[in-house]
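Heads up, run23.cif below (mmCIF, C-alpha atoms):
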```
data_coords
#
loop_
_atom_site.label_atom_id
_atom_site.label_comp_id
_atom_site.auth_asym_id
_atom_site.auth_seq_id
_atom_site.Cartn_x
_atom_site.Cartn_y
_atom_site.Cartn_z
CA MET X 1 0.00 0.00 0.00
CA LYS X 2 2.80 2.35 0.97
CA ARG X 3 4.54 1.38 -2.28
CA MET X 4 1.45 2.57 -4.28
CA ILE X 5 1.32 6.02 -2.62
CA PHE X 6 5.12 6.25 -2.97
CA SER X 7 4.81 5.51 -6.71
CA VAL X 8 2.21 8.31 -7.09
CA LEU X 9 4.51 10.80 -5.37
CA VAL X 10 7.47 9.61 -7.45
CA HIS X 11 5.37 10.15 -10.58
CA ASN X 12 4.54 13.71 -9.44
CA LEU X 13 8.22 14.39 -8.78
CA ARG X 14 9.13 13.05 -12.19
CA CYS X 15 6.54 15.31 -13.91
CA SER X 16 7.75 18.37 -12.02
CA LEU X 17 11.40 17.58 -12.83
CA LEU X 18 10.56 17.15 -16.52
CA ARG X 19 8.79 20.50 -16.55
CA ILE X 20 11.76 22.16 -14.82
CA GLU X 21 14.06 20.60 -17.40
CA ASN X 22 11.93 21.94 -20.27
CA ARG X 23 11.90 25.38 -18.71
CA LEU X 24 15.68 25.34 -18.38
CA LEU X 25 16.05 24.27 -21.99
CA GLN X 26 13.78 27.15 -23.09
CA ILE X 27 15.79 29.64 -21.06
CA THR X 28 19.11 28.52 -22.48
CA GLY X 29 17.60 28.28 -25.97
CA LEU X 30 19.07 24.83 -26.53
CA ASP X 31 15.79 23.16 -27.48
CA ALA X 32 15.10 23.31 -31.19
CA GLN X 33 11.54 21.94 -31.06
CA LEU X 34 9.77 25.22 -31.85
CA ALA X 35 9.69 25.54 -35.65
CA PRO X 36 7.36 28.48 -36.42
CA SER X 37 8.47 31.21 -33.99
CA LEU X 38 9.40 34.84 -33.92
CA ALA X 39 13.05 35.62 -34.56
CA VAL X 40 14.12 37.37 -31.42
CA ASN X 41 17.62 38.60 -30.54
CA GLY X 42 19.30 36.62 -27.87
CA PRO X 43 17.82 34.13 -25.54
CA SER X 44 14.45 35.03 -24.12
CA LEU X 45 11.96 33.51 -21.85
CA LEU X 46 8.99 32.43 -23.89
CA PRO X 47 5.99 32.79 -21.65
CA ARG X 48 3.81 29.72 -22.04
CA ILE X 49 0.11 30.38 -22.09
CA ASP X 50 -0.49 26.84 -20.81
CA GLN X 51 -2.48 27.39 -17.60
CA ASP X 52 -2.70 23.73 -16.65
CA SER X 53 1.06 23.24 -16.36
CA GLN X 54 1.40 26.44 -14.30
CA HIS X 55 -1.36 25.35 -12.00
CA ASP X 56 0.18 21.89 -11.63
CA GLU X 57 3.64 23.35 -11.11
CA GLU X 58 2.37 25.65 -8.38
CA GLN X 59 0.70 22.72 -6.69
CA THR X 60 3.80 20.51 -6.92
CA THR X 61 6.19 23.28 -5.83
CA SER X 62 3.96 24.15 -2.90
CA LEU X 63 3.78 20.45 -1.98
CA LEU X 64 7.57 20.21 -2.10
CA ASP X 65 8.04 23.43 -0.15
CA SER X 66 5.48 22.80 2.55
CA ILE X 67 6.31 19.18 3.48
CA LEU X 68 10.06 19.50 2.80
CA TRP X 69 9.90 16.05 1.22
CA MET X 70 8.58 12.89 2.97
CA ALA X 71 10.74 10.93 5.40
CA ALA X 72 11.36 7.48 3.97
CA PRO X 73 13.63 4.60 4.93
CA LYS X 74 16.86 4.59 2.96
CA LYS X 75 17.61 0.89 3.23
CA ARG X 76 15.75 -2.28 4.17
CA ARG X 77 16.20 -3.20 7.82
CA THR X 78 17.95 -6.56 7.85
CA ILE X 79 16.57 -9.44 9.89
CA GLU X 80 19.62 -9.27 12.17
CA VAL X 81 18.90 -5.64 13.03
CA ASN X 82 15.20 -6.43 13.48
CA ARG X 83 15.97 -9.39 15.74
CA THR X 84 18.32 -7.41 17.97
CA ARG X 85 15.62 -4.77 18.39
CA ARG X 86 12.80 -7.25 19.08
CA ARG X 87 14.83 -9.50 21.38
CA ASP X 88 16.33 -6.73 23.46
CA GLU X 89 16.16 -7.43 27.20
CA ARG X 90 13.90 -4.50 28.01
CA LYS X 91 11.32 -5.83 25.54
CA PHE X 92 11.03 -9.15 27.38
CA GLU X 93 8.15 -9.90 29.73
CA LYS X 94 9.23 -9.14 33.29
CA VAL X 95 8.98 -11.97 35.80
CA LYS X 96 6.85 -11.07 38.83
CA TYR X 97 8.32 -11.84 42.24
CA ASN X 98 5.37 -10.59 44.31
CA ILE X 99 3.11 -13.66 44.01
CA GLU X 100 2.13 -15.52 47.19
CA PRO X 101 -0.68 -17.87 48.27
CA CYS X 102 -3.78 -16.34 49.85
CA PRO X 103 -4.04 -17.37 53.54
CA GLU X 104 -7.84 -17.62 53.33
CA CYS X 105 -8.52 -19.73 50.24
CA GLY X 106 -5.08 -20.96 49.13
CA HIS X 107 -5.28 -19.54 45.60
CA LEU X 108 -2.41 -17.38 44.38
CA LYS X 109 -2.53 -13.63 44.84
CA GLN X 110 -0.24 -10.64 44.39
CA ASN X 111 1.18 -8.82 47.42
CA TYR X 112 -1.00 -6.00 48.74
CA ILE X 113 -3.74 -6.84 46.21
CA LEU X 114 -7.03 -8.60 46.95
CA CYS X 115 -7.20 -12.30 46.18
CA GLY X 116 -9.31 -12.79 43.04
CA PHE X 117 -11.14 -15.83 44.33
CA CYS X 118 -12.08 -14.25 47.68
CA TYR X 119 -13.17 -11.08 45.90
CA ALA X 120 -15.41 -13.07 43.54
CA LYS X 121 -16.91 -14.90 46.52
CA VAL X 122 -17.78 -11.59 48.20
CA CYS X 123 -19.17 -10.21 44.92
CA ARG X 124 -21.54 -13.14 44.59
CA GLU X 125 -22.97 -12.73 48.08
CA THR X 126 -23.26 -8.95 47.60
CA ALA X 127 -25.21 -9.48 44.39
CA LEU X 128 -27.71 -11.69 46.23
CA ILE X 129 -28.09 -9.09 49.01
CA ARG X 130 -28.65 -6.40 46.39
CA GLN X 131 -31.30 -8.58 44.72
CA GLN X 132 -33.06 -8.92 48.09
CA ILE X 133 -32.97 -5.14 48.59
CA LYS X 134 -34.36 -4.60 45.09
CA GLU X 135 -37.29 -6.88 45.89
CA MET X 136 -37.88 -5.06 49.20
CA GLU X 137 -37.85 -1.61 47.58
CA GLY X 138 -39.92 -2.69 44.59
CA GLY X 139 -38.81 0.10 42.28
CA PRO X 140 -36.14 2.70 41.54
CA LEU X 141 -35.42 5.66 43.82
CA ARG X 142 -37.26 4.15 46.82
CA ALA X 143 -34.30 3.72 49.19
CA PRO X 144 -35.33 4.67 52.76
CA THR X 145 -33.34 7.38 54.54
CA MET X 146 -31.86 5.07 57.13
CA GLU X 147 -29.00 2.61 57.48
CA THR X 148 -29.28 -0.99 56.34
CA VAL X 149 -28.21 -4.09 58.25
CA VAL X 150 -27.99 -7.62 56.88
CA LEU X 151 -29.13 -10.43 59.17
CA TYR X 152 -28.74 -14.13 58.51
CA GLU X 153 -30.63 -17.17 59.87
CA GLY X 154 -31.12 -17.26 63.60
CA GLU X 155 -30.06 -13.68 64.23
CA THR X 156 -32.11 -11.06 66.00
CA PRO X 157 -31.63 -7.33 65.57
CA SER X 158 -29.58 -5.89 68.42
CA GLU X 159 -30.08 -2.53 70.20
CA GLN X 160 -27.89 -0.74 67.66
CA ASP X 161 -30.07 -2.02 64.82
CA ARG X 162 -33.24 -0.43 66.13
CA GLU X 163 -33.47 2.40 63.59
CA LYS X 164 -32.01 0.47 60.71
CA ARG X 165 -33.65 -1.25 57.78
CA ILE X 166 -33.19 -5.01 58.11
CA VAL X 167 -32.37 -7.19 55.09
CA GLU X 168 -32.85 -10.88 55.81
CA ARG X 169 -30.87 -13.55 53.98
CA PRO X 170 -32.14 -17.14 54.39
CA ARG X 171 -28.77 -18.76 54.93
CA LYS X 172 -26.06 -19.22 57.51
CA ARG X 173 -23.79 -16.22 58.09
CA PRO X 174 -20.62 -16.63 55.96
CA ALA X 175 -17.38 -16.83 57.92
CA TRP X 176 -15.88 -13.75 56.29
CA PHE X 177 -18.89 -11.51 57.09
CA SER X 178 -18.44 -10.48 60.71
CA HIS X 179 -21.46 -9.20 62.70
CA MET R 1 -5.14 -39.69 -12.56
CA ALA R 2 -6.28 -37.84 -9.44
CA ALA R 3 -7.23 -41.11 -7.77
CA ALA R 4 -3.80 -42.50 -8.58
CA MET R 5 -2.17 -39.38 -7.04
CA ARG R 6 -4.31 -39.71 -3.92
CA GLY R 7 -3.44 -43.39 -3.72
CA VAL R 8 0.27 -42.58 -3.99
CA ALA R 9 -0.03 -39.94 -1.24
CA PHE R 10 -1.93 -42.43 0.95
CA ILE R 11 0.74 -45.07 0.46
CA ARG R 12 3.46 -42.50 1.19
CA ASN R 13 1.71 -41.56 4.45
CA ILE R 14 1.48 -45.19 5.52
CA VAL R 15 5.12 -45.79 4.56
CA GLY R 16 6.14 -42.69 6.51
CA SER R 17 4.31 -43.75 9.66
CA LEU R 18 5.58 -47.35 9.37
CA HIS R 19 9.09 -45.98 8.91
CA LEU R 20 8.73 -43.94 12.08
CA ARG R 21 7.39 -46.92 14.07
CA LEU R 22 10.19 -49.22 12.82
CA GLN R 23 12.71 -46.55 13.80
CA ILE R 24 11.27 -46.37 17.26
CA LEU R 25 11.12 -50.18 17.72
CA GLY R 26 14.57 -50.70 16.22
CA GLY R 27 16.09 -48.49 18.91
CA ALA R 28 16.44 -45.33 16.71
CA SER R 29 19.34 -46.00 14.38
CA GLN R 30 21.29 -42.81 13.82
CA GLN R 31 21.78 -43.25 10.05
CA LEU R 32 18.15 -42.62 9.04
CA SER R 33 17.68 -39.49 11.19
CA CYS R 34 19.15 -37.27 8.46
CA LEU R 35 16.57 -38.39 5.87
CA HIS R 36 13.98 -35.67 5.36
CA THR R 37 10.62 -37.40 5.06
CA SER R 38 7.93 -35.24 3.48
CA ILE R 39 5.71 -33.18 5.80
CA SER R 40 2.39 -31.91 4.47
CA LEU R 41 0.66 -28.78 5.76
CA ASP R 42 -1.78 -30.64 8.03
CA SER R 43 0.72 -32.98 9.72
CA LYS R 44 0.77 -32.56 13.50
CA HIS R 45 4.38 -33.55 14.13
CA TRP R 46 4.67 -32.21 17.66
CA GLU R 47 1.86 -34.37 19.03
CA LYS R 48 3.33 -37.48 17.35
CA ASN R 49 6.32 -37.16 19.67
CA ASN R 50 4.05 -38.41 22.44
CA LEU R 51 3.64 -41.74 20.66
CA LYS R 52 7.36 -42.51 20.82
CA VAL R 53 8.01 -45.65 22.86
CA TYR R 54 11.48 -46.46 24.19
CA PRO R 55 12.69 -50.03 24.80
CA PRO R 56 12.68 -51.07 28.48
CA GLN R 57 15.62 -49.63 30.42
CA LEU R 58 18.41 -51.81 31.82
CA LEU R 59 19.11 -51.87 35.57
CA ASP R 60 22.32 -49.84 35.45
CA GLU R 61 20.93 -47.10 33.18
CA PRO R 62 19.93 -43.82 34.83
CA ARG R 63 16.18 -43.27 34.95
CA ARG R 64 14.92 -41.56 31.82
CA PRO R 65 12.68 -38.61 32.79
CA ALA R 66 9.14 -38.57 31.37
CA GLU R 67 8.44 -36.12 28.52
CA VAL R 68 5.07 -34.68 27.50
CA TYR R 69 4.52 -32.80 24.26
CA HIS R 70 1.46 -30.59 23.92
CA SER R 71 0.31 -27.83 21.60
CA ARG R 72 -2.64 -25.68 20.68
CA ARG R 73 -3.29 -24.72 17.04
CA GLN R 74 -4.83 -21.66 15.39
CA ILE R 75 -4.88 -19.37 18.42
CA LYS R 76 -6.23 -15.94 17.46
CA TYR R 77 -3.08 -14.07 18.52
CA SER R 78 0.17 -12.89 16.98
CA LYS R 79 3.14 -15.27 16.96
CA ASP R 80 5.54 -12.45 17.78
CA LYS R 81 3.53 -11.40 20.84
CA MET R 82 3.17 -15.04 21.91
CA TRP R 83 6.94 -15.50 21.63
CA TYR R 84 7.62 -13.05 24.48
CA LEU R 85 5.42 -15.09 26.84
CA ALA R 86 6.92 -18.37 25.63
CA LYS R 87 10.42 -16.97 26.23
CA MET R 88 9.44 -15.90 29.75
CA ILE R 89 8.42 -19.39 30.92
CA ARG R 90 11.28 -21.30 29.31
CA GLY R 91 13.13 -23.31 31.97
CA MET R 92 10.65 -22.57 34.79
CA SER R 93 8.98 -25.24 36.88
CA ILE R 94 5.36 -25.74 35.92
CA ASP R 95 3.94 -24.19 39.10
CA GLU R 96 6.10 -21.10 38.64
CA ALA R 97 5.09 -20.83 34.98
CA ILE R 98 1.37 -21.10 35.77
CA ALA R 99 1.69 -18.47 38.52
CA GLN R 100 3.48 -16.04 36.17
CA LEU R 101 0.92 -16.54 33.42
CA GLU R 102 -1.98 -16.06 35.83
CA PHE R 103 -0.86 -12.56 36.75
CA ASN R 104 0.21 -11.49 33.28
CA ASP R 105 -2.20 -9.13 31.55
CA LYS R 106 -1.68 -10.36 27.99
CA LYS R 107 -4.31 -12.27 26.04
CA GLY R 108 -1.90 -15.07 25.21
CA ALA R 109 -1.13 -15.67 28.89
CA LYS R 110 -4.62 -17.05 29.60
CA ILE R 111 -4.43 -19.42 26.62
CA MET R 112 -0.94 -20.56 27.53
CA LYS R 113 -2.02 -21.29 31.10
CA GLU R 114 -4.84 -23.51 29.79
CA VAL R 115 -2.37 -25.37 27.57
CA LEU R 116 0.03 -25.92 30.47
CA LEU R 117 -2.73 -27.24 32.72
CA GLU R 118 -3.92 -29.60 29.98
CA ALA R 119 -0.36 -30.84 29.48
CA GLN R 120 0.06 -31.38 33.23
CA GLU R 121 -3.14 -33.42 33.35
CA MET R 122 -2.03 -35.46 30.33
CA ALA R 123 1.32 -36.12 31.99
CA VAL R 124 -0.27 -37.48 35.15
CA LYS R 125 -2.94 -39.53 33.37
CA ASN R 126 -1.12 -40.97 30.34
CA HIS R 127 2.62 -40.51 30.75
CA ASN R 128 3.30 -42.09 34.15
CA VAL R 129 4.27 -38.91 35.97
CA GLU R 130 3.98 -39.42 39.71
CA TYR R 131 3.79 -35.85 41.02
CA LYS R 132 2.15 -33.14 38.96
CA SER R 133 4.45 -30.49 40.42
CA ASN R 134 7.59 -32.40 39.49
CA LEU R 135 7.55 -31.03 35.93
CA TYR R 136 9.42 -28.21 34.24
CA VAL R 137 9.08 -26.43 30.90
CA ALA R 138 11.88 -27.78 28.72
CA GLU R 139 10.76 -26.24 25.42
CA SER R 140 8.20 -23.56 24.71
CA PHE R 141 7.77 -21.62 21.49
CA SER R 142 5.19 -20.21 19.11
CA GLY R 143 4.69 -20.73 15.40
CA LYS R 144 2.73 -19.10 12.61
CA GLY R 145 -0.76 -20.46 11.94
CA LYS R 146 -2.78 -20.14 8.75
CA TYR R 147 -3.72 -16.50 8.20
CA LEU R 148 -6.99 -15.18 6.76
CA LYS R 149 -6.65 -12.30 4.30
CA ARG R 150 -8.92 -9.28 4.25
CA ILE R 151 -8.98 -5.95 2.39
CA ARG R 152 -8.06 -2.76 4.21
CA TYR R 153 -9.30 0.35 2.41
CA HIS R 154 -7.03 3.39 2.11
CA GLY R 155 -7.57 6.81 0.57
CA ARG R 156 -7.40 7.55 -3.16
CA GLY R 157 -8.84 4.19 -4.09
CA MET R 158 -5.82 2.36 -2.72
CA PHE R 159 -6.16 -0.85 -0.77
CA GLY R 160 -3.95 -3.08 1.24
CA ILE R 161 -4.26 -6.74 2.15
CA MET R 162 -4.77 -7.18 5.90
CA ASP R 163 -3.74 -10.45 7.56
CA LYS R 164 -5.91 -11.88 10.34
CA VAL R 165 -3.12 -13.52 12.30
CA TYR R 166 -3.25 -16.90 13.99
CA CYS R 167 -0.51 -18.74 15.85
CA HIS R 168 0.30 -22.15 17.28
CA TYR R 169 1.82 -22.70 20.72
CA PHE R 170 4.05 -25.70 21.52
CA VAL R 171 5.26 -26.83 24.92
CA LYS R 172 7.34 -29.76 26.17
CA LEU R 173 7.22 -30.69 29.85
CA VAL R 174 9.88 -32.94 31.37
CA GLU R 175 9.72 -34.64 34.75
CA GLY R 176 12.16 -33.53 37.41
CA LEU R 177 13.67 -30.33 38.76
CA PRO R 178 14.38 -27.52 36.28
CA PRO R 179 18.05 -27.43 35.27
CA LYS R 180 19.95 -24.52 36.80
CA PRO R 181 21.69 -22.27 34.25
CA GLU R 182 25.42 -22.26 34.96
CA GLN R 183 26.56 -19.02 36.56
CA MET R 184 29.87 -17.80 35.16
CA THR R 185 31.95 -16.06 37.81
CA SER R 186 34.01 -13.05 36.79
CA PHE R 187 37.20 -15.00 37.47
CA ASP R 188 36.08 -17.76 35.09
CA GLN R 189 35.23 -15.20 32.42
CA ALA R 190 38.66 -13.61 32.76
CA LYS R 191 40.28 -17.04 32.59
CA ASP R 192 38.35 -17.85 29.37
CA TYR R 193 39.40 -14.54 27.84
CA VAL R 194 43.06 -15.15 28.60
CA GLN R 195 42.77 -18.68 27.20
CA SER R 196 41.23 -17.35 23.96
CA LEU R 197 44.14 -14.94 23.64
CA LYS R 198 46.60 -17.80 24.20
CA ASN R 199 44.83 -19.94 21.55
CA ARG R 200 45.54 -17.41 18.81
CA THR R 201 47.80 -18.86 16.14
CA ILE R 202 49.38 -17.66 12.90
CA ILE R 203 47.88 -19.46 9.94
CA HIS R 204 50.11 -21.11 7.30
CA SER R 205 53.08 -20.94 9.63
CA LEU R 206 55.68 -23.64 10.24
#
```

Represent the supplied structure as structure tokens.
Amino acid sequence: MKRMIFSVLVHNLRCSLLRIENRLLQITGLDAQLAPSLAVNGPSLLPRIDQDSQHDEEQTTSLLDSILWMAAPKKRRTIEVNRTRRRDERKFEKVKYNIEPCPECGHLKQNYILCGFCYAKVCRETALIRQQIKEMEGGPLRAPTMETVVLYEGETPSEQDREKRIVERPRKRPAWFSH
Amino acid sequence: MAAAMRGVAFIRNIVGSLHLRLQILGGASQQLSCLHTSISLDSKHWEKNNLKVYPPQLLDEPRRPAEVYHSRRQIKYSKDKMWYLAKMIRGMSIDEAIAQLEFNDKKGAKIMKEVLLEAQEMAVKNHNVEYKSNLYVAESFSGKGKYLKRIRYHGRGMFGIMDKVYCHYFVKLVEGLPPKPEQMTSFDQAKDYVQSLKNRTIIHSL
């Protein structure tokens, strides 16, 4: 694809160079292509009334001036050069030394980061609690202006829970959810 | 004509597989290993290594460690990107490798972890490996799969051909502890350098 655009630009360059060449030949008077012409003393610039070429030349010259010619690779990068760049040590995957087993579930976890398995376990229970709350509220924007407390089987609300909304879950309290 | 060609290819396949089996049973004679038997595009050579059967070992021979070859084909990932992960786990014990891949964020890491777990299971079930942790990654590399080609449209009516890349991943697990890479001390390096200087000789001299 790049080769196609490159060929178009090369073609433009070639056209512009040819036109410059013709102009130079006219100036010096070395081209003998014009047969019927006025006999003028000395070399003279024959102003061409060809508007198309002027227009094109302006375009091409402005293109050349503005972009200051496109950056392009001079030579093909050899496979040795490519390999040394791709297999450089800083491009390798770094080995992590901060992996340890989670004391709760025994799965692996990173230091100072939550264990993925324990987090998923908590997420699941939270989703069920949220479902319960959704059923209790029955619609959007109906949350009561009081705190919520989650109670499991065989638990009674304590004195602190007097003014709180109670969400009941019909299962045993999980070990990680302290009262 | 076509049927004859197919028949010839079929016979060649059978001959090739028989050849391989005879080689294995004959105790792997070294002379035939240099012969390049034809490999078609669909041949799964890596998996066939699992079928290799050695003759029973003698009492005084050291115990040959178990080897498991496993691969996954046509993974929708780049072979160059996969290579970095494969390079990372080369020479690690299997537990270490699985831990590293679990906490790596790349797409290929998840696939590679699945392949390693499958290979571990295969080793324990079919290849007489006693402890599933007693394995290490001997070889691990990626290869190019079959690409799909699509058209990518550019400006000015130009187009390019886009490759939808696929890769294969190959792994070989060997029983035992991973071999420790030899650490060269600075003194040894200096000694080697001096030795290389001493080995210099003038060619075509008396």

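Across the model, the gap from CA of Asp80 in chain R to CA of Val174 in chain R is 25.0 Å.
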
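Against the coordinates shown, the PyMOL selection byres ((chain X) within 7 of (chain R)) returns Met1, Phe92, Glu93, Val95 and Lys96 of chain X.
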
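Once Lys132 in chain R and its same-chain neighbours fewer than 3 positions away are set aside, Ile94, Gln120, Glu121, Ala123, Val124, Val129, Leu135 and Glu175 of chain R remain within 9 Å of it when counting all atoms listed in the file.
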
Could you work out an axis-aligned bounding box for all listed atoms of range 80-91 of chain X, with 8 Å added on each of the six sides, and give its centre and edge lengths in Å to one decimal, as AutoDock Vina command-line options?
```
--center_x 15.5 --center_y -7.0 --center_z 20.1 --size_x 24.3 --size_y 21.0 --size_z 31.8
```

Answer key for the PyMOL selection byres ((chain X and resi 99) around 6), residues as a ChimeraX atom specification: /X:97-98,100,109-110

Counting all atoms listed in the file, what is within 10 Å of His168 in chain R, bar same-chain residues fewer than 6 positions away, as a short mmCIF file (atom, residue, chain, number, x, y, z; two decimals) with C-alpha atoms, in the frame of the given file?
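Output contents, as saved in out23.cif:
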```cif
data_model
loop_
_atom_site.label_atom_id
_atom_site.label_comp_id
_atom_site.auth_asym_id
_atom_site.auth_seq_id
_atom_site.Cartn_x
_atom_site.Cartn_y
_atom_site.Cartn_z
CA SER R 71 0.31 -27.83 21.60
CA ARG R 72 -2.64 -25.68 20.68
CA ARG R 73 -3.29 -24.72 17.04
CA GLN R 74 -4.83 -21.66 15.39
CA ILE R 75 -4.88 -19.37 18.42
CA LYS R 76 -6.23 -15.94 17.46
CA TYR R 77 -3.08 -14.07 18.52
CA SER R 78 0.17 -12.89 16.98
CA LYS R 79 3.14 -15.27 16.96
CA MET R 82 3.17 -15.04 21.91
CA PHE R 141 7.77 -21.62 21.49
CA SER R 142 5.19 -20.21 19.11
CA GLY R 143 4.69 -20.73 15.40
CA LYS R 144 2.73 -19.10 12.61
CA GLY R 145 -0.76 -20.46 11.94
CA LYS R 146 -2.78 -20.14 8.75
#
```

Non-local contacts of Arg169 in chain X (10 Å; only C-alpha atoms; under 6 positions in same chain excluded) as an mmCIF file with C-alpha atoms, in the coordinates of the input:
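Generated file (out32.cif):
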```cif
data_model
loop_
_atom_site.group_PDB
_atom_site.id
_atom_site.type_symbol
_atom_site.label_atom_id
_atom_site.label_comp_id
_atom_site.auth_asym_id
_atom_site.auth_seq_id
_atom_site.Cartn_x
_atom_site.Cartn_y
_atom_site.Cartn_z
ATOM 1 C CA GLU X 125 -22.970 -12.730 48.080
ATOM 2 C CA LEU X 128 -27.710 -11.690 46.230
ATOM 3 C CA ILE X 129 -28.090 -9.090 49.010
ATOM 4 C CA GLN X 132 -33.060 -8.920 48.090
ATOM 5 C CA VAL X 150 -27.990 -7.620 56.880
ATOM 6 C CA LEU X 151 -29.130 -10.430 59.170
ATOM 7 C CA TYR X 152 -28.740 -14.130 58.510
ATOM 8 C CA GLU X 153 -30.630 -17.170 59.870
#
```

Interatomic distance (Å, one decimal) between CA of Tyr119 in chain X and CA of Ile166 in chain X: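 Value for the CA of Tyr119 in chain X-CA of Ile166 in chain X distance: 24.2 Å.
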
Since the input lacks atoms, please generate N, CA and C atoms for range 77-90 of chain R and provide them as a PDB file, in the coordinates of the input.
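File written: selection-v3.pdb
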```pdb
ATOM      1  N   TYR R  77      -4.042 -14.951  17.869  1.00  0.00           N
ATOM      2  CA  TYR R  77      -3.080 -14.070  18.520  1.00  0.00           C
ATOM      3  C   TYR R  77      -1.855 -14.008  17.626  1.00  0.00           C
ATOM      4  N   SER R  78      -1.002 -13.026  17.845  1.00  0.00           N
ATOM      5  CA  SER R  78       0.170 -12.890  16.980  1.00  0.00           C
ATOM      6  C   SER R  78       1.298 -13.773  17.488  1.00  0.00           C
ATOM      7  N   LYS R  79       2.035 -14.380  16.546  1.00  0.00           N
ATOM      8  CA  LYS R  79       3.140 -15.270  16.960  1.00  0.00           C
ATOM      9  C   LYS R  79       4.271 -14.492  17.607  1.00  0.00           C
ATOM     10  N   ASP R  80       4.461 -13.252  17.193  1.00  0.00           N
ATOM     11  CA  ASP R  80       5.540 -12.450  17.780  1.00  0.00           C
ATOM     12  C   ASP R  80       5.222 -12.088  19.214  1.00  0.00           C
ATOM     13  N   LYS R  81       3.928 -11.739  19.470  1.00  0.00           N
ATOM     14  CA  LYS R  81       3.530 -11.400  20.840  1.00  0.00           C
ATOM     15  C   LYS R  81       3.562 -12.637  21.715  1.00  0.00           C
ATOM     16  N   MET R  82       3.159 -13.781  21.154  1.00  0.00           N
ATOM     17  CA  MET R  82       3.170 -15.040  21.910  1.00  0.00           C
ATOM     18  C   MET R  82       4.585 -15.423  22.284  1.00  0.00           C
ATOM     19  N   TRP R  83       5.549 -15.088  21.412  1.00  0.00           N
ATOM     20  CA  TRP R  83       6.940 -15.500  21.630  1.00  0.00           C
ATOM     21  C   TRP R  83       7.484 -14.935  22.938  1.00  0.00           C
ATOM     22  N   TYR R  84       7.110 -13.675  23.258  1.00  0.00           N
ATOM     23  CA  TYR R  84       7.620 -13.050  24.480  1.00  0.00           C
ATOM     24  C   TYR R  84       7.173 -13.847  25.715  1.00  0.00           C
ATOM     25  N   LEU R  85       5.911 -14.302  25.706  1.00  0.00           N
ATOM     26  CA  LEU R  85       5.420 -15.090  26.840  1.00  0.00           C
ATOM     27  C   LEU R  85       6.106 -16.451  26.881  1.00  0.00           C
ATOM     28  N   ALA R  86       6.265 -17.066  25.694  1.00  0.00           N
ATOM     29  CA  ALA R  86       6.920 -18.370  25.630  1.00  0.00           C
ATOM     30  C   ALA R  86       8.350 -18.268  26.141  1.00  0.00           C
ATOM     31  N   LYS R  87       9.024 -17.187  25.794  1.00  0.00           N
ATOM     32  CA  LYS R  87      10.420 -16.970  26.230  1.00  0.00           C
ATOM     33  C   LYS R  87      10.479 -16.800  27.749  1.00  0.00           C
ATOM     34  N   MET R  88       9.442 -16.146  28.310  1.00  0.00           N
ATOM     35  CA  MET R  88       9.440 -15.900  29.750  1.00  0.00           C
ATOM     36  C   MET R  88       9.416 -17.201  30.532  1.00  0.00           C
ATOM     37  N   ILE R  89       8.583 -18.190  30.101  1.00  0.00           N
ATOM     38  CA  ILE R  89       8.420 -19.390  30.920  1.00  0.00           C
ATOM     39  C   ILE R  89       9.406 -20.496  30.595  1.00  0.00           C
ATOM     40  N   ARG R  90      10.315 -20.240  29.644  1.00  0.00           N
ATOM     41  CA  ARG R  90      11.280 -21.300  29.310  1.00  0.00           C
ATOM     42  C   ARG R  90      12.150 -21.611  30.513  1.00  0.00           C
TER      43      ARG R  90
END
```
